[in-house]
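Q: One structure is given below, represented as structure tokens, and several questions about it will come after.
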Amino acid sequence: MQHRIIVLGAGYSGAIAAGRLAKRLRREDVAITLVNAEADFVERVRMHQLAVGQELKPRPLREMFAGTGVEVKLAKVTSIDVDGKTVAVDSAEGTAELPYDTLVYALGSGGNDNGVPGVAEHAHQIASRPGARRLRERLAQLAEGETVLVVGGGLTGLEFATEVAETRPDLDIALAARAGLGDWLSPKGRAHLRNVVDRLGITVHENAAVTAVEADQVTTADGRTLPAAVTVWTTGFAVHPLAAATSLELADTGRIVVDATMRSVSHPDVYAIGDAGHALGAGDKPLRMSCASGTPMAWQAADSIAARLTGGKLPNAPLRYFNQCISLGRNEGLIQFVTADDRAVDHALTGRFAARYKELVCKGAAWGVANPTMGIPVRRRRVVADRVTSDGAAPVTA
């Protein structure tokens, strides 16, 4: 009987994990099913480009995984029974219950309103493709001189603010940051960011924590009122809520607590990767929600599952960071090099070279997803155990 592996979510982490598992395990021994609500892969790191009117290359999942042995099931996950080891889904064919032996939870995250009044009613978000498309339609309606206010001074906020300022110089673009502009960057990185923002004519409101959003303005904690024909909310991400309805052990953020192999600490048949997983990196710091975290988490999970099923050696590669890649429009970028635990160091790349660097990173990530079984050696091994023991031990073959 085949070992049933279900991967939930075909974002960067889920798609990479499914493809890597197909490359590691014999097709006769495993049935790998990739469940996703949308028919194609979404380059989430490019949602700011989609929002300003740029078109992205379509990447149909069934074409990507054709011939790999991975079955793509287009369906929405409605519930998970981690004790009964089943997943309930809703698709064009109706509702169904999918049993599994191993589950890879990669449902990711969405926008987070942080409980601020008015965000859901009046603000736009670019955490998803539908949100980016709605924002694109709204931006197209704006007349010259109207204000677009971006709330959030992190990577997403910076990328969108600079992208829209470059694309729509006729608009008044403003950015409200909770702290100082780029305060986590190195001095060189901060200076370059300030230079680009000033050159693009972006108004920056520093130390401006937004406490309420209305149709045409926002209010800050210190009592300021900032005008906005359109408010774009980019203050962070919230995990998919399905995990909270299970008996999985969760962190206070709602992410699934996992060990070094990305396996749930409460349910050994479940692995959580990408934004859904609460994994510790260098210095025992939780990994941030990002493609830079999700990709190595997917590698670690897939290799760990394959090792446990085939009696191989568990991977022990450390999860660490090398840089933060920030696009500042199509012609400017910032590559901030960091320590293993994500703290900025003095070295940074800037300008057109940094923009090209970031573009190569994005294209490389998309290529890795679109070619799920290429780029790593073929070493499909026979499954020697249908399950792992409760303490995580696995038989090891010579």
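To be explicit about the labels: the chains of the structure tokens are called A, B, and onward in the order shown, and within each one the residues are counted from 1, while ligands get numbers from 1 in the order they are shown.
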Do a neighbour search on Ser264 of chain A at 10 Å with only C-alpha atoms, toss out local chain neighbours closer than 4 positions, and write the hits as number ranges by chain.

A: A: 104-105, 248-250, 256-260, 268-273, 277-279

Q: Got a sec to tell me which of segment 132-247 of chain A DSSP assigns to helix (DSSP H, G or I), as a VMD selection string?

A: chain A and resid 132 to 140 155 to 167 187 to 199 241 to 245

Q: Taking N, CA and C atoms for each residue, export the selection above as a compact mmCIF listing (two decimals), in the first residue's frame.

A:
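Here's the written file result24.txt:
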# COMPACT_ATOMS: atom_id res chain seq x y z
N ALA A 132 -4.51 42.39 -4.53
CA ALA A 132 -3.68 43.20 -5.42
C ALA A 132 -4.47 43.65 -6.64
N ARG A 133 -5.33 42.78 -7.15
CA ARG A 133 -6.14 43.16 -8.31
C ARG A 133 -7.18 44.22 -7.97
N ARG A 134 -7.78 44.10 -6.80
CA ARG A 134 -8.74 45.13 -6.38
C ARG A 134 -8.05 46.48 -6.22
N LEU A 135 -6.84 46.47 -5.67
CA LEU A 135 -6.09 47.71 -5.51
C LEU A 135 -5.72 48.29 -6.87
N ARG A 136 -5.35 47.43 -7.82
CA ARG A 136 -5.02 47.90 -9.16
C ARG A 136 -6.20 48.64 -9.79
N GLU A 137 -7.39 48.08 -9.64
CA GLU A 137 -8.58 48.73 -10.17
C GLU A 137 -8.83 50.08 -9.51
N ARG A 138 -8.60 50.14 -8.20
CA ARG A 138 -8.83 51.40 -7.49
C ARG A 138 -7.81 52.46 -7.89
N LEU A 139 -6.56 52.06 -8.03
CA LEU A 139 -5.52 53.02 -8.42
C LEU A 139 -5.81 53.60 -9.80
N ALA A 140 -6.35 52.78 -10.69
CA ALA A 140 -6.65 53.25 -12.05
C ALA A 140 -7.71 54.34 -12.05
N LEU A 155 9.29 45.57 4.63
CA LEU A 155 9.68 45.27 3.26
C LEU A 155 8.51 45.43 2.29
N THR A 156 7.33 44.92 2.64
CA THR A 156 6.18 45.01 1.75
C THR A 156 5.79 46.45 1.51
N GLY A 157 5.74 47.25 2.57
CA GLY A 157 5.37 48.65 2.44
C GLY A 157 6.35 49.43 1.60
N LEU A 158 7.63 49.20 1.80
CA LEU A 158 8.66 49.90 1.03
C LEU A 158 8.59 49.53 -0.45
N GLU A 159 8.40 48.25 -0.72
CA GLU A 159 8.36 47.82 -2.13
C GLU A 159 7.14 48.38 -2.85
N PHE A 160 5.99 48.38 -2.17
CA PHE A 160 4.82 48.92 -2.85
C PHE A 160 4.91 50.43 -3.00
N ALA A 161 5.32 51.13 -1.97
CA ALA A 161 5.38 52.59 -2.03
C ALA A 161 6.30 53.06 -3.14
N THR A 162 7.47 52.45 -3.28
CA THR A 162 8.41 52.88 -4.32
C THR A 162 7.93 52.44 -5.70
N GLU A 163 7.28 51.29 -5.79
CA GLU A 163 6.77 50.81 -7.08
C GLU A 163 5.68 51.74 -7.61
N VAL A 164 4.73 52.10 -6.75
CA VAL A 164 3.64 52.95 -7.21
C VAL A 164 4.12 54.37 -7.46
N ALA A 165 5.10 54.83 -6.69
CA ALA A 165 5.64 56.18 -6.92
C ALA A 165 6.35 56.25 -8.25
N GLU A 166 7.05 55.20 -8.62
CA GLU A 166 7.75 55.17 -9.91
C GLU A 166 6.76 55.04 -11.06
N THR A 167 5.72 54.21 -10.89
CA THR A 167 4.76 53.95 -11.95
C THR A 167 3.77 55.10 -12.13
N PRO A 187 23.67 51.69 8.30
CA PRO A 187 23.72 53.11 7.91
C PRO A 187 23.73 53.32 6.40
N LYS A 188 24.48 52.48 5.66
CA LYS A 188 24.49 52.60 4.21
C LYS A 188 23.12 52.28 3.63
N GLY A 189 22.47 51.25 4.16
CA GLY A 189 21.16 50.88 3.67
C GLY A 189 20.12 51.97 3.94
N ARG A 190 20.15 52.54 5.13
CA ARG A 190 19.20 53.61 5.46
C ARG A 190 19.42 54.84 4.59
N ALA A 191 20.68 55.18 4.36
CA ALA A 191 20.99 56.36 3.55
C ALA A 191 20.50 56.17 2.11
N HIS A 192 20.70 54.96 1.57
CA HIS A 192 20.25 54.71 0.19
C HIS A 192 18.73 54.73 0.12
N LEU A 193 18.08 54.12 1.09
CA LEU A 193 16.62 54.10 1.10
C LEU A 193 16.08 55.53 1.17
N ARG A 194 16.64 56.35 2.02
CA ARG A 194 16.19 57.73 2.14
C ARG A 194 16.39 58.49 0.83
N ASN A 195 17.51 58.23 0.17
CA ASN A 195 17.79 58.89 -1.09
C ASN A 195 16.77 58.53 -2.15
N VAL A 196 16.42 57.24 -2.26
CA VAL A 196 15.46 56.78 -3.25
C VAL A 196 14.08 57.34 -2.95
N VAL A 197 13.67 57.29 -1.69
CA VAL A 197 12.36 57.78 -1.30
C VAL A 197 12.23 59.27 -1.60
N ASP A 198 13.28 60.03 -1.28
CA ASP A 198 13.24 61.47 -1.56
C ASP A 198 13.19 61.74 -3.06
N ARG A 199 13.97 60.98 -3.83
CA ARG A 199 14.00 61.18 -5.27
C ARG A 199 12.65 60.88 -5.92
N PRO A 241 -6.32 30.55 9.41
CA PRO A 241 -6.95 30.19 10.68
C PRO A 241 -7.24 28.71 10.90
N LEU A 242 -7.09 27.87 9.89
CA LEU A 242 -7.49 26.46 10.04
C LEU A 242 -6.75 25.73 11.15
N ALA A 243 -5.47 26.03 11.33
CA ALA A 243 -4.69 25.32 12.35
C ALA A 243 -5.26 25.54 13.74
N ALA A 244 -5.83 26.73 13.98
CA ALA A 244 -6.37 27.05 15.30
C ALA A 244 -7.56 26.19 15.67
N ALA A 245 -8.19 25.58 14.67
CA ALA A 245 -9.36 24.73 14.93
C ALA A 245 -8.97 23.27 15.13

Q: If we count only C-alpha atoms and set the cut-off at 10 Å, which residues sit around Glu144 of chain A, ignoring sequence neighbours fewer than 3 positions away in its own chain? Please answer as a ChimeraX atom specification.

A: /A:141,147,168-172

Q: Take the residues from that selection and write them out as an mmCIF file, in the first residue's frame, keeping C-alpha atoms.

A:
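In the end it all went to out31.cif:
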data_model
loop_
_atom_site.group_PDB
_atom_site.id
_atom_site.type_symbol
_atom_site.label_atom_id
_atom_site.label_comp_id
_atom_site.auth_asym_id
_atom_site.auth_seq_id
_atom_site.Cartn_x
_atom_site.Cartn_y
_atom_site.Cartn_z
ATOM 1 C CA GLN A 141 -9.552 55.419 -10.887
ATOM 2 C CA THR A 147 -2.971 60.655 -2.140
ATOM 3 C CA ARG A 168 2.368 56.797 -11.065
ATOM 4 C CA PRO A 169 4.417 59.991 -10.579
ATOM 5 C CA ASP A 170 1.162 61.943 -10.955
ATOM 6 C CA LEU A 171 -0.035 60.705 -7.560
ATOM 7 C CA ASP A 172 0.956 61.887 -4.089
#

Q: Quick check for you: according to DSSP on this backbone, which residues of segment 155-334 of chain A are classed as strand (DSSP E)? Reply as an NGL selection string.

A: :A and (172-176 or 203-205 or 210-213 or 217-220 or 225-227 or 230-233 or 237-239 or 256-257 or 270-272 or 277-278 or 323-327 or 333-334)

Q: Excluding Gly118 of chain A and its own-chain neighbours fewer than 4 positions away, which residues fall within 7 Å of it when counting only C-alpha atoms? Please give them as a list in words.

A: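 In the requested format, the answer is His122, Ala212, Val213 and Glu214 of chain A.
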
Q: Determine the nearest neighbour of Tyr12 of chain A from the options A:Asp222, A:Asp341, A:Asp275, A:Glu206, counting only C-alpha atoms.

A: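 Looking only at the distances to Tyr12 of chain A, the closest residue turns out to be A:Asp275.
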
Q: Can you tell me, as a compact mmCIF listing (two decimals) with N, CA and C atoms, in the first residue's frame, what residues are no more than 12 Å from Asn207 of chain A when counting only C-alpha atoms, ignoring any on the same chain fewer than 6 positions away?

A:
# COMPACT_ATOMS: atom_id res chain seq x y z
N VAL A 151 0.54 52.20 4.75
CA VAL A 151 0.74 52.04 6.19
C VAL A 151 1.61 50.81 6.43
N GLY A 152 2.78 51.05 7.00
CA GLY A 152 3.72 49.96 7.24
C GLY A 152 5.05 50.23 6.57
N GLY A 153 6.11 50.30 7.37
CA GLY A 153 7.43 50.61 6.82
C GLY A 153 8.34 49.41 6.69
N LEU A 175 4.02 57.43 3.09
CA LEU A 175 4.30 56.20 3.83
C LEU A 175 4.27 56.51 5.32
N ALA A 176 3.46 55.74 6.06
CA ALA A 176 3.40 55.90 7.52
C ALA A 176 4.12 54.71 8.16
N ALA A 177 5.23 54.99 8.84
CA ALA A 177 6.03 53.95 9.47
C ALA A 177 5.90 54.05 10.99
N ARG A 178 5.76 52.91 11.64
CA ARG A 178 5.61 52.90 13.10
C ARG A 178 6.85 53.46 13.79
N ALA A 179 8.01 53.21 13.21
CA ALA A 179 9.27 53.70 13.79
C ALA A 179 9.95 54.59 12.75
N GLY A 180 11.30 54.60 12.78
CA GLY A 180 12.03 55.38 11.80
C GLY A 180 12.11 54.66 10.47
N LEU A 181 12.29 55.39 9.39
CA LEU A 181 12.36 54.79 8.06
C LEU A 181 13.57 53.87 7.96
N GLY A 182 13.30 52.58 7.73
CA GLY A 182 14.39 51.61 7.58
C GLY A 182 15.29 51.51 8.78
N ASP A 183 14.74 51.64 9.98
CA ASP A 183 15.59 51.70 11.17
C ASP A 183 16.33 50.40 11.46
N THR A 220 -3.27 58.63 13.77
CA THR A 220 -2.11 58.01 14.40
C THR A 220 -2.22 58.10 15.91
N ALA A 221 -1.36 57.32 16.58
CA ALA A 221 -1.41 57.25 18.04
C ALA A 221 -1.12 58.59 18.70
N ASP A 222 -0.37 59.46 18.03
CA ASP A 222 -0.06 60.77 18.62
C ASP A 222 -1.04 61.85 18.18
N GLY A 223 -2.17 61.43 17.58
CA GLY A 223 -3.22 62.37 17.26
C GLY A 223 -3.18 63.00 15.89
N ARG A 224 -2.22 62.62 15.07
CA ARG A 224 -2.15 63.18 13.72
C ARG A 224 -3.24 62.59 12.83

Q: Using only C-alpha atoms, which protein or nucleic acid residues come within 6 Å of segment 35-37 of chain A? Drop anything in the same chain fewer than 2 positions from it, and give the result as an NGL selection string.

A: :A and (8-10 or 73-76)

Q: Write the residues of the preceding selection, restricted to N, CA and C atoms, as a PDB file, in the first residue's frame.

A:
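The resulting file, part-v4.pdb, is reproduced below:
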ATOM      1  N   LEU A   8      -0.767  20.662   1.753  1.00  0.00           N
ATOM      2  CA  LEU A   8      -1.813  21.678   1.699  1.00  0.00           C
ATOM      3  C   LEU A   8      -1.204  23.039   1.379  1.00  0.00           C
ATOM      4  N   GLY A   9      -1.556  23.579   0.220  1.00  0.00           N
ATOM      5  CA  GLY A   9      -1.056  24.880  -0.183  1.00  0.00           C
ATOM      6  C   GLY A   9       0.070  24.765  -1.189  1.00  0.00           C
ATOM      7  N   ALA A  10      -0.076  25.494  -2.316  1.00  0.00           N
ATOM      8  CA  ALA A  10       0.932  25.450  -3.376  1.00  0.00           C
ATOM      9  C   ALA A  10       1.581  26.811  -3.566  1.00  0.00           C
ATOM     10  N   LYS A  73      -4.713  18.690  -6.802  1.00  0.00           N
ATOM     11  CA  LYS A  73      -6.156  18.717  -6.562  1.00  0.00           C
ATOM     12  C   LYS A  73      -6.567  20.160  -6.272  1.00  0.00           C
ATOM     13  N   LEU A  74      -7.410  20.704  -7.148  1.00  0.00           N
ATOM     14  CA  LEU A  74      -7.874  22.080  -6.978  1.00  0.00           C
ATOM     15  C   LEU A  74      -9.080  22.080  -6.048  1.00  0.00           C
ATOM     16  N   ALA A  75      -8.860  22.521  -4.825  1.00  0.00           N
ATOM     17  CA  ALA A  75      -9.907  22.475  -3.818  1.00  0.00           C
ATOM     18  C   ALA A  75      -9.557  23.403  -2.667  1.00  0.00           C
ATOM     19  N   LYS A  76     -10.571  23.821  -1.951  1.00  0.00           N
ATOM     20  CA  LYS A  76     -10.391  24.624  -0.753  1.00  0.00           C
ATOM     21  C   LYS A  76     -10.443  23.718   0.468  1.00  0.00           C
TER      22      LYS A  76
END

Q: Skipping near chain neighbours, those fewer than 3 positions away, what residues fall within 10 Å of His347 of chain A using only C-alpha atoms, listed as an mmCIF file with C-alpha atoms, in the first residue's frame?

A:
data_model
loop_
_atom_site.group_PDB
_atom_site.id
_atom_site.type_symbol
_atom_site.label_atom_id
_atom_site.label_comp_id
_atom_site.auth_asym_id
_atom_site.auth_seq_id
_atom_site.Cartn_x
_atom_site.Cartn_y
_atom_site.Cartn_z
ATOM 1 C CA SER A 186 22.705 49.438 8.187
ATOM 2 C CA PRO A 187 23.725 53.112 7.914
ATOM 3 C CA LYS A 188 24.493 52.597 4.208
ATOM 4 C CA GLY A 189 21.156 50.881 3.670
ATOM 5 C CA ASN A 323 20.509 38.991 3.142
ATOM 6 C CA ILE A 335 20.451 44.158 -0.780
ATOM 7 C CA GLN A 336 21.089 44.353 2.950
ATOM 8 C CA PHE A 337 23.438 41.634 4.161
ATOM 9 C CA VAL A 338 22.597 40.240 7.582
ATOM 10 C CA ALA A 344 21.957 43.990 9.535
#

Q: Can you tell me how far atom CA of Ala120 of chain A sits from atom CA of Val218 of chain A, in Å to one decimal?

A: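 Computing it gives 13.1 Å between the two atoms.
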
Q: So how many Å separate atom CA of Gly110 of chain A and atom CA of His240 of chain A, to one decimal?

A: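 The value is 6.8 Å.
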
Q: Mind giving me the straight-line distance from atom CA of Lys285 of chain A to atom CA of Leu328 of chain A in Å, one decimal?

A: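 Interatomic distance, atom CA of Lys285 of chain A to atom CA of Leu328 of chain A: 27.7 Å.
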
Q: Could you tell me which of A:Cys291, A:Val383, A:Glu28, A:Leu50 comes closest to Ala306 of chain A if we count only C-alpha atoms?

A: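 Once distances to Ala306 of chain A are computed over only C-alpha atoms, the minimum belongs to A:Val383.
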